[in-house]
file protein-v2.txt (compact mmCIF, C-alpha atoms and all ligand atoms)
# COMPACT_ATOMS: atom_id res chain seq x y z
CA MET A 1461 106.11 95.28 58.89
CA ALA A 1462 105.54 98.28 61.14
CA GLU A 1463 102.99 100.77 59.88
CA PRO A 1464 104.58 103.99 58.61
CA HIS A 1465 102.79 106.21 61.15
CA LEU A 1466 104.15 104.05 63.92
CA ALA A 1467 107.72 104.17 62.64
CA GLU A 1468 107.63 107.98 62.75
CA LYS A 1469 106.78 108.11 66.45
CA LYS A 1470 109.91 107.54 68.46
CA ILE A 1471 108.14 106.75 71.72
CA LEU A 1472 106.10 104.00 70.07
CA ARG A 1473 109.31 102.55 68.63
CA VAL A 1474 110.88 102.42 72.10
CA LEU A 1475 107.71 100.92 73.58
CA SER A 1476 107.79 98.30 70.82
CA GLY A 1477 111.28 97.21 71.83
CA GLU A 1478 113.60 99.34 69.67
CA THR A 1479 116.49 101.11 71.41
CA ILE A 1480 116.83 104.69 70.11
CA SER A 1481 119.68 107.10 70.66
CA PRO A 1482 119.12 109.92 71.56
CA PRO A 1483 116.00 108.84 73.46
CA PRO A 1484 112.58 110.43 72.90
CA ILE A 1485 111.47 112.95 75.53
CA TRP A 1486 108.30 114.36 77.09
CA LEU A 1487 107.77 115.82 80.57
CA MET A 1488 105.13 114.94 83.13
CA ARG A 1489 102.77 117.92 83.59
CA GLN A 1490 104.32 119.54 80.52
CA ALA A 1491 101.15 121.63 80.12
CA GLY A 1492 100.94 123.93 83.09
CA ARG A 1493 101.60 127.07 85.02
CA TYR A 1494 105.28 127.49 83.99
CA LEU A 1495 103.94 128.45 80.52
CA PRO A 1496 102.54 132.01 80.09
CA GLU A 1497 100.21 130.78 77.32
CA TYR A 1498 98.79 128.18 79.76
CA ARG A 1499 98.11 130.83 82.42
CA GLU A 1500 96.30 132.94 79.84
CA LEU A 1501 94.18 129.97 78.70
CA ARG A 1502 93.42 128.86 82.27
CA ALA A 1503 91.94 132.31 83.00
CA LYS A 1504 89.15 131.56 80.47
CA ALA A 1505 87.53 128.93 82.73
CA SER A 1506 86.05 129.71 86.13
CA SER A 1507 87.10 126.43 87.73
CA PHE A 1508 89.79 123.85 87.11
CA LEU A 1509 87.24 121.07 86.43
CA GLU A 1510 85.41 123.30 83.97
CA PHE A 1511 88.75 123.86 82.27
CA CYS A 1512 89.30 120.06 82.05
CA TYR A 1513 85.74 119.52 80.75
CA THR A 1514 85.85 122.17 78.00
CA PRO A 1515 87.22 120.29 74.97
CA GLU A 1516 88.55 123.38 73.13
CA LEU A 1517 90.48 124.51 76.23
CA ALA A 1518 91.77 121.04 77.17
CA ALA A 1519 92.88 120.39 73.59
CA GLU A 1520 94.64 123.75 73.39
CA ALA A 1521 96.44 123.18 76.73
CA THR A 1522 97.60 119.76 75.45
CA LEU A 1523 99.01 121.27 72.25
CA GLN A 1524 100.76 124.31 73.76
CA PRO A 1525 103.92 122.52 74.97
CA ILE A 1526 104.13 120.61 71.66
CA ARG A 1527 104.10 123.83 69.64
CA ARG A 1528 106.65 125.48 71.90
CA PHE A 1529 109.07 122.58 72.44
CA GLY A 1530 108.24 119.79 69.97
CA PHE A 1531 108.19 117.06 72.61
CA ASP A 1532 107.90 113.50 71.27
CA ALA A 1533 104.55 112.96 73.02
CA ALA A 1534 101.56 115.01 74.10
CA ILE A 1535 99.54 113.98 77.17
CA ILE A 1536 95.84 114.80 77.14
CA PHE A 1537 95.13 117.65 79.51
CA SER A 1538 92.90 116.43 82.33
CA ASP A 1539 93.32 115.24 85.92
CA ILE A 1540 93.20 111.91 87.75
CA LEU A 1541 90.33 113.25 89.90
CA VAL A 1542 87.83 113.31 87.04
CA VAL A 1543 87.33 109.61 87.86
CA PRO A 1544 85.88 110.19 91.38
CA ASP A 1545 83.78 112.95 89.78
CA ALA A 1546 82.45 110.38 87.28
CA PHE A 1547 81.60 108.07 90.20
CA GLY A 1548 79.39 110.83 91.60
CA GLN A 1549 81.71 112.02 94.36
CA LYS A 1550 81.82 115.79 94.80
CA VAL A 1551 85.22 117.08 93.60
CA TRP A 1552 86.44 120.66 93.46
CA PHE A 1553 89.76 122.49 93.38
CA GLU A 1554 90.46 125.34 95.75
CA SER A 1555 93.03 127.75 94.38
CA GLY A 1556 96.22 127.48 96.34
CA ALA A 1557 94.86 124.59 98.46
CA GLY A 1558 94.57 121.81 95.87
CA PRO A 1559 91.85 119.23 95.41
CA ARG A 1560 88.86 118.77 97.72
CA LEU A 1561 86.38 115.86 97.76
CA THR A 1562 83.59 114.85 100.15
CA PRO A 1563 85.54 112.15 102.01
CA ILE A 1564 84.58 108.47 102.11
CA ALA A 1565 84.77 107.28 105.71
CA ASP A 1566 82.45 104.27 105.82
CA ALA A 1567 80.23 101.88 103.88
CA ALA A 1568 77.34 104.37 103.81
CA ASP A 1569 79.55 106.94 102.04
CA LEU A 1570 80.55 104.35 99.44
CA THR A 1571 76.90 103.38 98.90
CA ARG A 1572 76.13 106.97 97.97
CA LEU A 1573 78.52 106.74 94.99
CA ARG A 1574 77.70 105.09 91.68
CA ALA A 1575 78.64 101.41 91.43
CA THR A 1576 80.06 102.00 87.94
CA ILE A 1577 81.74 104.95 86.26
CA ASP A 1578 79.58 107.41 84.29
CA LEU A 1579 81.47 107.68 81.00
CA ASN A 1580 79.01 110.30 79.71
CA ARG A 1581 80.37 112.68 82.29
CA LEU A 1582 83.84 112.13 80.74
CA ALA A 1583 82.68 112.68 77.15
CA PRO A 1584 84.49 116.07 76.99
CA VAL A 1585 87.80 114.24 77.58
CA PHE A 1586 87.16 111.94 74.59
CA ASP A 1587 86.12 114.96 72.52
CA ALA A 1588 89.36 116.75 73.47
CA ILE A 1589 91.38 113.67 72.43
CA GLY A 1590 89.74 113.76 68.97
CA ARG A 1591 90.56 117.45 68.59
CA VAL A 1592 94.18 116.97 69.62
CA LYS A 1593 94.56 114.05 67.19
CA ARG A 1594 93.52 116.28 64.30
CA ASP A 1595 96.13 118.94 65.10
CA LEU A 1596 99.07 116.89 66.38
CA PRO A 1597 102.20 116.60 64.18
CA LYS A 1598 102.46 113.09 62.72
CA GLU A 1599 105.67 112.35 64.64
CA THR A 1600 104.07 113.15 68.02
CA ALA A 1601 102.43 110.35 70.02
CA LEU A 1602 99.33 110.97 72.17
CA ILE A 1603 99.22 109.69 75.75
CA GLY A 1604 96.03 109.16 77.75
CA PHE A 1605 96.07 108.48 81.48
CA CYS A 1606 94.34 107.66 84.71
CA GLY A 1607 95.38 107.52 88.33
CA ALA A 1608 96.06 104.04 89.70
CA PRO A 1609 93.29 102.76 91.99
CA PHE A 1610 95.28 103.23 95.22
CA THR A 1611 96.29 106.81 94.39
CA VAL A 1612 92.73 107.79 93.38
CA ALA A 1613 91.30 106.01 96.44
CA ALA A 1614 93.73 107.95 98.64
CA TYR A 1615 92.14 111.25 97.52
CA MET A 1616 88.60 109.79 97.70
CA VAL A 1617 89.09 108.70 101.32
CA ALA A 1618 91.04 111.71 102.62
CA GLY A 1619 89.01 114.27 100.68
CA GLU A 1620 92.15 116.34 100.19
CA SER A 1621 95.90 116.12 99.60
CA SER A 1622 97.86 114.28 102.26
CA SER A 1623 101.61 113.82 102.52
CA ASP A 1624 101.44 110.28 103.98
CA GLN A 1625 98.01 109.04 102.85
CA ALA A 1626 97.25 108.02 106.45
CA PRO A 1627 93.43 108.21 106.03
CA ALA A 1628 93.37 105.68 103.16
CA ARG A 1629 95.98 103.43 104.74
CA LEU A 1630 94.09 103.38 108.05
CA LEU A 1631 90.82 102.52 106.31
CA ALA A 1632 92.60 99.70 104.42
CA TYR A 1633 93.84 98.24 107.74
CA ARG A 1634 90.59 98.73 109.68
CA ASP A 1635 88.13 97.71 106.98
CA PRO A 1636 89.96 95.87 104.19
CA GLY A 1637 86.69 94.60 102.74
CA LEU A 1638 85.35 98.12 102.26
CA PHE A 1639 88.67 99.38 100.86
CA GLN A 1640 88.76 96.39 98.47
CA GLU A 1641 85.25 97.28 97.26
CA LEU A 1642 86.42 100.83 96.49
CA ILE A 1643 89.56 99.55 94.72
CA ASP A 1644 87.52 97.03 92.70
CA ARG A 1645 85.15 99.75 91.48
CA LEU A 1646 88.14 101.88 90.50
CA VAL A 1647 89.78 99.00 88.63
CA LEU A 1648 86.65 98.46 86.50
CA GLY A 1649 86.07 102.20 86.03
CA SER A 1650 89.69 102.75 85.00
CA ILE A 1651 89.53 99.94 82.43
CA ASP A 1652 86.42 101.44 80.83
CA TYR A 1653 87.85 104.97 80.97
CA LEU A 1654 91.20 104.01 79.42
CA ALA A 1655 89.49 101.88 76.76
CA ARG A 1656 87.38 104.88 75.71
CA GLN A 1657 90.47 107.10 75.59
CA ILE A 1658 92.11 104.55 73.26
CA GLU A 1659 88.99 104.39 71.08
CA ALA A 1660 89.07 108.21 70.92
CA GLY A 1661 92.69 108.11 69.65
CA VAL A 1662 95.39 107.81 72.33
CA GLU A 1663 98.17 105.33 71.50
CA ILE A 1664 99.73 105.07 74.94
CA VAL A 1665 98.22 105.14 78.42
CA GLN A 1666 100.06 106.04 81.60
CA ILE A 1667 98.83 104.87 85.00
CA PHE A 1668 99.94 107.33 87.70
CA ASP A 1669 100.43 105.62 91.07
CA SER A 1670 101.83 108.74 92.71
CA TRP A 1671 101.34 107.45 96.26
CA ALA A 1672 102.42 103.81 95.78
CA GLY A 1673 105.58 104.43 97.80
CA MET A 1674 103.61 105.03 101.01
CA LEU A 1675 102.73 101.34 101.43
CA PRO A 1676 104.59 98.54 103.24
CA GLU A 1677 105.45 95.57 101.04
CA GLU A 1678 102.41 93.33 101.50
CA GLN A 1679 100.01 96.30 101.33
CA PHE A 1680 101.82 97.43 98.16
CA ALA A 1681 101.27 93.97 96.61
CA ARG A 1682 97.55 94.08 97.41
CA TRP A 1683 96.62 97.71 96.71
CA CYS A 1684 99.11 98.67 93.99
CA VAL A 1685 100.47 95.66 92.13
CA ALA A 1686 97.24 93.61 91.92
CA PRO A 1687 94.92 96.44 90.75
CA VAL A 1688 97.42 97.81 88.19
CA ARG A 1689 98.00 94.29 86.90
CA ALA A 1690 94.23 93.75 86.55
CA ILE A 1691 93.90 96.99 84.55
CA ILE A 1692 96.81 96.07 82.28
CA GLU A 1693 95.53 92.53 81.66
CA ALA A 1694 92.10 93.87 80.69
CA MET A 1695 93.62 96.51 78.39
CA ARG A 1696 95.68 93.83 76.62
CA GLU A 1697 92.48 91.85 75.98
CA ARG A 1698 90.55 94.82 74.68
CA HIS A 1699 93.28 96.73 72.83
CA ALA A 1700 96.26 94.52 72.07
CA ASP A 1701 98.21 97.36 70.36
CA VAL A 1702 98.10 99.93 73.14
CA LYS A 1703 101.33 100.69 74.98
CA ILE A 1704 101.19 101.02 78.75
CA ILE A 1705 103.44 103.02 81.07
CA ALA A 1706 103.04 102.49 84.83
CA PHE A 1707 104.45 104.99 87.32
CA PRO A 1708 104.57 103.57 90.85
CA ARG A 1709 106.22 106.58 92.46
CA ARG A 1710 108.68 105.90 95.28
CA ALA A 1711 108.29 102.12 94.95
CA GLY A 1712 112.09 101.72 95.32
CA LEU A 1713 113.22 98.13 95.73
CA ALA A 1714 109.79 96.85 94.71
CA LEU A 1715 110.21 98.19 91.15
CA PRO A 1716 111.63 95.05 89.45
CA GLU A 1717 108.88 92.88 90.91
CA PHE A 1718 106.22 95.49 90.03
CA ALA A 1719 107.46 95.51 86.41
CA ALA A 1720 107.45 91.72 86.16
CA SER A 1721 104.04 91.27 87.81
CA THR A 1722 102.12 93.99 86.02
CA GLY A 1723 103.55 93.47 82.53
CA ALA A 1724 103.68 97.20 81.80
CA ASP A 1725 105.61 98.09 78.61
CA ALA A 1726 107.44 100.84 80.49
CA LEU A 1727 108.07 101.84 84.06
CA GLY A 1728 108.16 105.48 85.13
CA LEU A 1729 111.00 106.06 87.60
CA ASP A 1730 110.97 108.78 90.24
CA ALA A 1731 114.08 110.86 90.89
CA ALA A 1732 115.07 108.94 94.03
CA VAL A 1733 115.86 105.84 91.92
CA ASP A 1734 119.53 105.45 90.97
CA PRO A 1735 119.33 105.11 87.16
CA PHE A 1736 122.36 102.79 87.05
CA ALA A 1737 120.74 100.45 89.61
CA ALA A 1738 117.41 100.55 87.74
CA ALA A 1739 119.14 99.72 84.44
CA LYS A 1740 120.74 96.70 86.10
CA LEU A 1741 117.82 95.40 88.20
CA ILE A 1742 114.81 95.83 85.92
CA ALA A 1743 114.44 93.29 83.09
CA PRO A 1744 115.67 94.79 79.77
CA ALA A 1745 112.37 94.15 77.96
CA THR A 1746 110.75 96.83 80.16
CA ALA A 1747 111.38 100.36 78.87
CA LEU A 1748 112.40 102.85 81.54
CA GLN A 1749 111.01 106.38 81.67
CA GLY A 1750 112.58 109.15 83.67
CA ASN A 1751 114.01 110.30 85.89
CA LEU A 1752 115.41 113.82 86.18
CA ASP A 1753 114.74 115.61 89.48
CA PRO A 1754 112.24 118.44 88.70
CA LEU A 1755 114.31 120.66 91.01
CA ALA A 1756 117.43 120.14 88.87
CA LEU A 1757 115.36 121.57 86.00
CA VAL A 1758 114.44 124.59 88.15
CA ALA A 1759 118.11 125.07 89.10
CA GLY A 1760 119.53 124.77 85.55
CA GLY A 1761 123.23 125.25 84.82
CA ASP A 1762 125.77 122.61 85.88
CA ALA A 1763 123.30 120.79 88.16
CA LEU A 1764 120.94 120.24 85.23
CA ARG A 1765 123.71 119.33 82.76
CA GLU A 1766 125.34 116.80 85.08
CA ALA A 1767 122.11 115.14 86.19
CA THR A 1768 120.92 114.87 82.57
CA ALA A 1769 124.26 113.42 81.39
CA ARG A 1770 124.17 110.84 84.19
CA ILE A 1771 120.68 109.65 83.19
CA LEU A 1772 121.60 109.49 79.50
CA SER A 1773 124.70 107.44 80.24
CA ALA A 1774 122.92 105.10 82.70
CA PHE A 1775 120.25 104.23 80.13
CA ALA A 1776 122.48 104.13 77.02
CA GLY A 1777 121.71 100.90 75.17
CA ARG A 1778 118.42 100.47 77.10
CA LEU A 1779 114.85 101.10 76.07
CA HIS A 1780 114.59 104.64 77.47
CA ILE A 1781 112.16 107.56 77.34
CA PHE A 1782 113.62 110.70 78.89
CA ASN A 1783 111.31 112.39 81.41
CA LEU A 1784 111.27 113.97 84.82
CA GLY A 1785 110.95 111.90 88.00
CA HIS A 1786 107.71 113.78 88.80
CA GLY A 1787 105.71 116.71 87.40
CA ILE A 1788 107.39 119.90 86.19
CA LEU A 1789 107.26 122.67 88.82
CA PRO A 1790 105.47 125.98 88.13
CA GLU A 1791 108.65 127.99 88.86
CA THR A 1792 110.64 126.19 86.11
CA PRO A 1793 112.31 128.68 83.71
CA ILE A 1794 111.40 128.03 80.07
CA ALA A 1795 115.07 128.51 79.09
CA HIS A 1796 115.97 125.50 81.26
CA VAL A 1797 113.46 123.30 79.43
CA GLU A 1798 115.02 124.45 76.14
CA ALA A 1799 118.51 123.65 77.44
CA LEU A 1800 117.37 120.20 78.58
CA LEU A 1801 115.84 119.43 75.18
CA ALA A 1802 119.00 120.54 73.38
CA GLN A 1803 121.16 118.35 75.61
CA VAL A 1804 118.94 115.25 75.37
CA ARG A 1805 118.71 115.64 71.60
CA SER A 1806 122.53 115.91 71.38
CA GLY A 1807 122.61 112.53 73.13
CA CYS A 1808 125.09 113.29 75.92
O1 LIG A 1901 100.43 118.02 81.23
C1 LIG A 1901 100.08 117.03 81.88
O2 LIG A 1901 100.88 116.26 82.44
C2 LIG A 1901 98.58 116.70 81.93
C3 LIG A 1901 97.86 117.23 83.03
C4 LIG A 1901 97.79 116.59 84.42
C5 LIG A 1901 98.10 115.29 84.89
C6 LIG A 1901 98.77 114.16 84.15
C7 LIG A 1901 97.23 117.30 85.49
C8 LIG A 1901 96.78 118.70 85.42
N1 LIG A 1901 97.15 116.45 86.56
C9 LIG A 1901 97.69 115.23 86.25
C10 LIG A 1901 97.78 114.03 87.09
C11 LIG A 1901 97.62 114.14 88.55
N2 LIG A 1901 96.72 114.92 89.26
C12 LIG A 1901 98.32 113.36 89.48
C13 LIG A 1901 99.32 112.30 89.12
C14 LIG A 1901 100.66 112.86 88.81
C15 LIG A 1901 101.39 113.49 89.97
O3 LIG A 1901 101.70 112.78 90.94
O4 LIG A 1901 101.66 114.69 89.87
C16 LIG A 1901 97.88 113.72 90.77
C17 LIG A 1901 98.37 113.15 92.10
C18 LIG A 1901 96.86 114.69 90.62
C19 LIG A 1901 96.06 115.31 91.70
C20 LIG A 1901 96.17 116.77 91.65
N3 LIG A 1901 95.48 117.56 90.77
C21 LIG A 1901 97.04 117.61 92.39
C22 LIG A 1901 98.06 117.13 93.39
C23 LIG A 1901 97.66 117.39 94.78
C24 LIG A 1901 98.62 116.73 95.75
O5 LIG A 1901 98.16 115.88 96.53
O6 LIG A 1901 99.81 117.06 95.75
C25 LIG A 1901 96.81 118.93 91.96
C26 LIG A 1901 97.43 120.18 92.48
C27 LIG A 1901 95.84 118.87 90.93
C28 LIG A 1901 95.33 119.99 90.08
C29 LIG A 1901 95.99 120.07 88.75
N4 LIG A 1901 95.99 119.03 87.82
C30 LIG A 1901 96.63 119.46 86.67
C31 LIG A 1901 97.03 120.82 86.89
C32 LIG A 1901 97.73 121.68 85.88
C33 LIG A 1901 96.64 121.18 88.19
C34 LIG A 1901 96.79 122.53 88.85
C35 LIG A 1901 95.51 123.28 88.70
C36 LIG A 1901 95.62 124.73 89.06
O7 LIG A 1901 96.34 125.04 90.02
O8 LIG A 1901 94.98 125.52 88.37
call {"tool": "encode", "arguments": {"input": "protein-v2.txt", "output": "structure tokens", "more": "lines below"}}
Ligand code: 1CP
result
Amino acid sequence: MAEPHLAEKKILRVLSGETISPPPIWLMRQAGRYLPEYRELRAKASSFLEFCYTPELAAEATLQPIRRFGFDAAIIFSDILVVPDAFGQKVWFESGAGPRLTPIADAADLTRLRATIDLNRLAPVFDAIGRVKRDLPKETALIGFCGAPFTVAAYMVAGESSSDQAPARLLAYRDPGLFQELIDRLVLGSIDYLARQIEAGVEIVQIFDSWAGMLPEEQFARWCVAPVRAIIEAMRERHADVKIIAFPRRAGLALPEFAASTGADALGLDAAVDPFAAAKLIAPATALQGNLDPLALVAGGDALREATARILSAFAGRLHIFNLGHGILPETPIAHVEALLAQVRSGC
């Protein structure tokens, strides 16, 4: 028999194989700059990493969208780039310019990093998870996360944001042995990091492979499918109960094979995926999460209503968690989020 706390959390029910109508909903990057209370909180820390590493602030940022909207899940407030930081790479965020890291160009650069992740450096994240757990409504699930090895490696190699991830892809072609060594370290570090998040109280983990869609098929199999599969296999051995969502953004036609090979409980779908095609092509035991275009949420009105209705109808009768196809945009009007919630909760 399912435990009572589990039965109350709709997302856990879907991830355990129960179809629910209307579907549960949360939004990627639901804590963030579109919320005035977030902007006020953010001003209390001098840097973004300090904000992530201050448990009271990270816990409060996690809870803000739950208080305001009552989403079915909270996601711990942090960033995927705390992992390179915990490997000893220098990471900082320049306002307006995004993340910056000292780039890894060759074997000597990799040697300067730690061989294993320093979980002590990430202790504030585990502390924040404990705080959120104490204050979260009993019907709200808590999601932990990490970046997938390829996506994190892409930032570690480029040292900044890139629209095509050419630096990491070039290194993978020119020196596959070195790139494999970086990916292998990230696989092991991600397993340890996710395991500690679970021990601290998260019930679900999401693996963000935001740049998976940049890779040709055989590179995708090597740098995205294999590492994510290795992480998921290890999590299943260590924590059999945890639910796992993988988000290989822009993976397109590779999605069904990715789902089958990695064994994720759910697949996050980006907004370019036709939800009717996904519902047909991906095995029904895999829950599907998504996939509203974040710009439709900015636009509101008919565009939002029609796109939402299409997603609800495509996934009717499927294991579905409503979400965006990528993170919420800072210019999103709060009234549009309220309208979306009302529509999803009406079921059509
Ligand atoms: O509410 C939540 O969803 C939790 C917070 C969260 C998550 C899940 C943040 C806070 N970042 C992330 C994940 C993350 N970070 C991803 C994967 C998801 C995605 O594709 O969006 C990626 C690629 C990053 C890297 C990153 N961190 C970027 C993107 C840069 C690029 O290449 O486009 C940026 C801008 C950041 C900083 C960041 N992380 C989070 C916030 C709120 C911010 C903005 C910080 C600020 O401007 O003050």
call {"tool": "closest_atom_pairs", "arguments": {"input": "protein-v2.txt", "of": "chain A", "to": "ligand LIG 1901 (chain A)", "cutoff": "8 Å", "atoms": "only C-alpha atoms and all ligand atoms", "output": "tab-separated table"}}
result
residue	atom	partner	partner_atom	distance
A:Leu1487	CA	A:LIG1901	O2	7.2
A:Met1488	CA	A:LIG1901	O2	4.5
A:Arg1489	CA	A:LIG1901	O2	2.8
A:Gln1490	CA	A:LIG1901	O1	4.2
A:Ala1491	CA	A:LIG1901	O1	3.8
A:Gly1492	CA	A:LIG1901	C32	4.8
A:Arg1493	CA	A:LIG1901	C32	6.7
A:Arg1502	CA	A:LIG1901	O8	7.1
A:Ser1507	CA	A:LIG1901	O8	8.0
A:Phe1508	CA	A:LIG1901	O8	5.6
A:Ala1521	CA	A:LIG1901	O1	7.9
A:Thr1522	CA	A:LIG1901	O1	6.7
A:Ala1534	CA	A:LIG1901	O1	7.8
A:Ile1535	CA	A:LIG1901	C2	5.6
A:Ile1536	CA	A:LIG1901	C2	5.8
A:Phe1537	CA	A:LIG1901	C2	4.3
A:Ser1538	CA	A:LIG1901	C3	5.1
A:Asp1539	CA	A:LIG1901	N1	4.1
A:Ile1540	CA	A:LIG1901	N2	4.9
A:Leu1541	CA	A:LIG1901	C19	6.3
A:Phe1553	CA	A:LIG1901	C28	6.9
A:Ser1555	CA	A:LIG1901	O7	6.1
A:Gly1556	CA	A:LIG1901	O7	6.8
A:Ala1557	CA	A:LIG1901	C26	7.9
A:Gly1558	CA	A:LIG1901	C26	4.7
A:Pro1559	CA	A:LIG1901	C27	6.0
A:Phe1605	CA	A:LIG1901	C6	6.8
A:Cys1606	CA	A:LIG1901	C10	7.6
A:Gly1607	CA	A:LIG1901	C13	6.2
A:Thr1611	CA	A:LIG1901	C17	7.1
A:Val1612	CA	A:LIG1901	C17	7.9
A:Tyr1615	CA	A:LIG1901	O5	7.7
A:Glu1620	CA	A:LIG1901	O5	7.1
A:Ser1621	CA	A:LIG1901	O5	3.8
A:Ser1622	CA	A:LIG1901	O5	6.0
A:Ser1623	CA	A:LIG1901	O5	7.2
A:Phe1668	CA	A:LIG1901	C13	5.2
A:Asp1669	CA	A:LIG1901	C13	7.0
A:Ser1670	CA	A:LIG1901	O3	4.4
A:Trp1671	CA	A:LIG1901	O3	7.5
A:Arg1709	CA	A:LIG1901	O3	7.8
A:His1786	CA	A:LIG1901	O4	6.2
A:Gly1787	CA	A:LIG1901	O4	5.2
call {"tool": "residues_around", "arguments": {"input": "protein-v2.txt", "residues": "A:Phe1718", "least_positions_apart": "5", "cutoff": "9 Å", "atoms": "only C-alpha atoms", "output": "ChimeraX atom specification"}}
result
/A:1681,1684-1685,1689,1708,1711,1723-1724,1727
call {"tool": "residues_around", "arguments": {"input": "protein-v2.txt", "residues": "A:Ala1672", "least_positions_apart": "5", "cutoff": "12 Å", "atoms": "only C-alpha atoms", "output": "JSON list (two decimals) with C-alpha atoms, keeping the file's coordinate frame"}}
result
[["chain", "number", "residue", "atom", "x", "y", "z"],
["A", 1607, "GLY", "CA", 95.38, 107.52, 88.33],
["A", 1608, "ALA", "CA", 96.06, 104.04, 89.70],
["A", 1609, "PRO", "CA", 93.29, 102.76, 91.99],
["A", 1610, "PHE", "CA", 95.28, 103.23, 95.22],
["A", 1611, "THR", "CA", 96.29, 106.81, 94.39],
["A", 1612, "VAL", "CA", 92.73, 107.79, 93.38],
["A", 1613, "ALA", "CA", 91.30, 106.01, 96.44],
["A", 1614, "ALA", "CA", 93.73, 107.95, 98.64],
["A", 1624, "ASP", "CA", 101.44, 110.28, 103.98],
["A", 1625, "GLN", "CA", 98.01, 109.04, 102.85],
["A", 1628, "ALA", "CA", 93.37, 105.68, 103.16],
["A", 1629, "ARG", "CA", 95.98, 103.43, 104.74],
["A", 1667, "ILE", "CA", 98.83, 104.87, 85.00],
["A", 1677, "GLU", "CA", 105.45, 95.57, 101.04],
["A", 1678, "GLU", "CA", 102.41, 93.33, 101.50],
["A", 1679, "GLN", "CA", 100.01, 96.30, 101.33],
["A", 1680, "PHE", "CA", 101.82, 97.43, 98.16],
["A", 1681, "ALA", "CA", 101.27, 93.97, 96.61],
["A", 1682, "ARG", "CA", 97.55, 94.08, 97.41],
["A", 1683, "TRP", "CA", 96.62, 97.71, 96.71],
["A", 1684, "CYS", "CA", 99.11, 98.67, 93.99],
["A", 1685, "VAL", "CA", 100.47, 95.66, 92.13],
["A", 1687, "PRO", "CA", 94.92, 96.44, 90.75],
["A", 1688, "VAL", "CA", 97.42, 97.81, 88.19],
["A", 1706, "ALA", "CA", 103.04, 102.49, 84.83],
["A", 1707, "PHE", "CA", 104.45, 104.99, 87.32],
["A", 1708, "PRO", "CA", 104.57, 103.57, 90.85],
["A", 1709, "ARG", "CA", 106.22, 106.58, 92.46],
["A", 1710, "ARG", "CA", 108.68, 105.90, 95.28],
["A", 1711, "ALA", "CA", 108.29, 102.12, 94.95],
["A", 1712, "GLY", "CA", 112.09, 101.72, 95.32],
["A", 1714, "ALA", "CA", 109.79, 96.85, 94.71],
["A", 1715, "LEU", "CA", 110.21, 98.19, 91.15],
["A", 1718, "PHE", "CA", 106.22, 95.49, 90.03],
["A", 1730, "ASP", "CA", 110.97, 108.78, 90.24]]
call {"tool": "residues_around", "arguments": {"input": "protein-v2.txt", "residues": "A:Ala1799", "least_positions_apart": "3", "cutoff": "9 Å", "atoms": "all atoms listed in the file", "output": "PyMOL selection string"}}
result
chain A and resi 1760-1761+1764-1765+1794-1796+1802-1804
call {"tool": "write_last_selection", "arguments": {"input": "protein-v2.txt", "atoms": "C-alpha atoms", "output": "PDB file, in the frame of the given file"}}
result
ATOM      1  CA  GLY A1760     119.530 124.770  85.550  1.00  0.00           C
ATOM      2  CA  GLY A1761     123.230 125.250  84.820  1.00  0.00           C
ATOM      3  CA  LEU A1764     120.940 120.240  85.230  1.00  0.00           C
ATOM      4  CA  ARG A1765     123.710 119.330  82.760  1.00  0.00           C
ATOM      5  CA  ILE A1794     111.400 128.030  80.070  1.00  0.00           C
ATOM      6  CA  ALA A1795     115.070 128.510  79.090  1.00  0.00           C
ATOM      7  CA  HIS A1796     115.970 125.500  81.260  1.00  0.00           C
ATOM      8  CA  ALA A1802     119.000 120.540  73.380  1.00  0.00           C
ATOM      9  CA  GLN A1803     121.160 118.350  75.610  1.00  0.00           C
ATOM     10  CA  VAL A1804     118.940 115.250  75.370  1.00  0.00           C
TER      11      VAL A1804
END
call {"tool": "closest_residue", "arguments": {"input": "protein-v2.txt", "among": "A:Glu1599, A:Glu1717, A:Glu1510, A:Asp1569", "to": "A:Thr1746", "atoms": "all atoms listed in the file"}}
result
A:Glu1717
call {"tool": "closest_residue", "arguments": {"input": "protein-v2.txt", "among": "A:Ala1747, A:Leu1757, A:Ile1643, A:Ala1660", "to": "A:Ala1731", "atoms": "only C-alpha atoms"}}
result
A:Leu1757
call {"tool": "closest_residue", "arguments": {"input": "protein-v2.txt", "among": "A:Ala1519, A:Thr1576, A:Gln1549, A:Ile1603", "to": "A:Ala1588", "atoms": "only C-alpha atoms"}}
result
A:Ala1519
call {"tool": "atom_distance", "arguments": {"input": "protein-v2.txt", "atom1": "atom CA of A:Ile1651", "atom2": "atom CA of A:Ala1738"}}
result
28.4 Å
call {"tool": "residues_around", "arguments": {"input": "protein-v2.txt", "residues": "stretch 1779-1781 of chain A", "least_positions_apart": "4", "cutoff": "8 Å", "atoms": "only C-alpha atoms", "output": "VMD selection string"}}
result
chain A and resid 1471 1474 to 1475 1477 to 1480 1483 to 1486 1744 to 1750 1775
call {"tool": "atom_distance", "arguments": {"input": "protein-v2.txt", "atom1": "atom CA of A:Glu1516", "atom2": "atom CA of A:Arg1591"}}
result
7.7 Å
call {"tool": "atom_distance", "arguments": {"input": "protein-v2.txt", "atom1": "atom CA of A:Leu1582", "atom2": "atom CA of A:Ala1690"}}
result
21.9 Å
call {"tool": "closest_residue", "arguments": {"input": "protein-v2.txt", "among": "A:Met1674, A:Ile1658, A:Arg1805, A:Leu1517", "to": "A:Ala1505", "atoms": "only C-alpha atoms"}}
result
A:Leu1517
call {"tool": "residues_near_point", "arguments": {"input": "protein-v2.txt", "point": "(85.9, 119.0, 79.9)", "cutoff": "8 Å", "atoms": "all atoms listed in the file", "output": "PyMOL selection string"}}
result
chain A and resi 1509-1515+1518+1538+1582-1585+1588
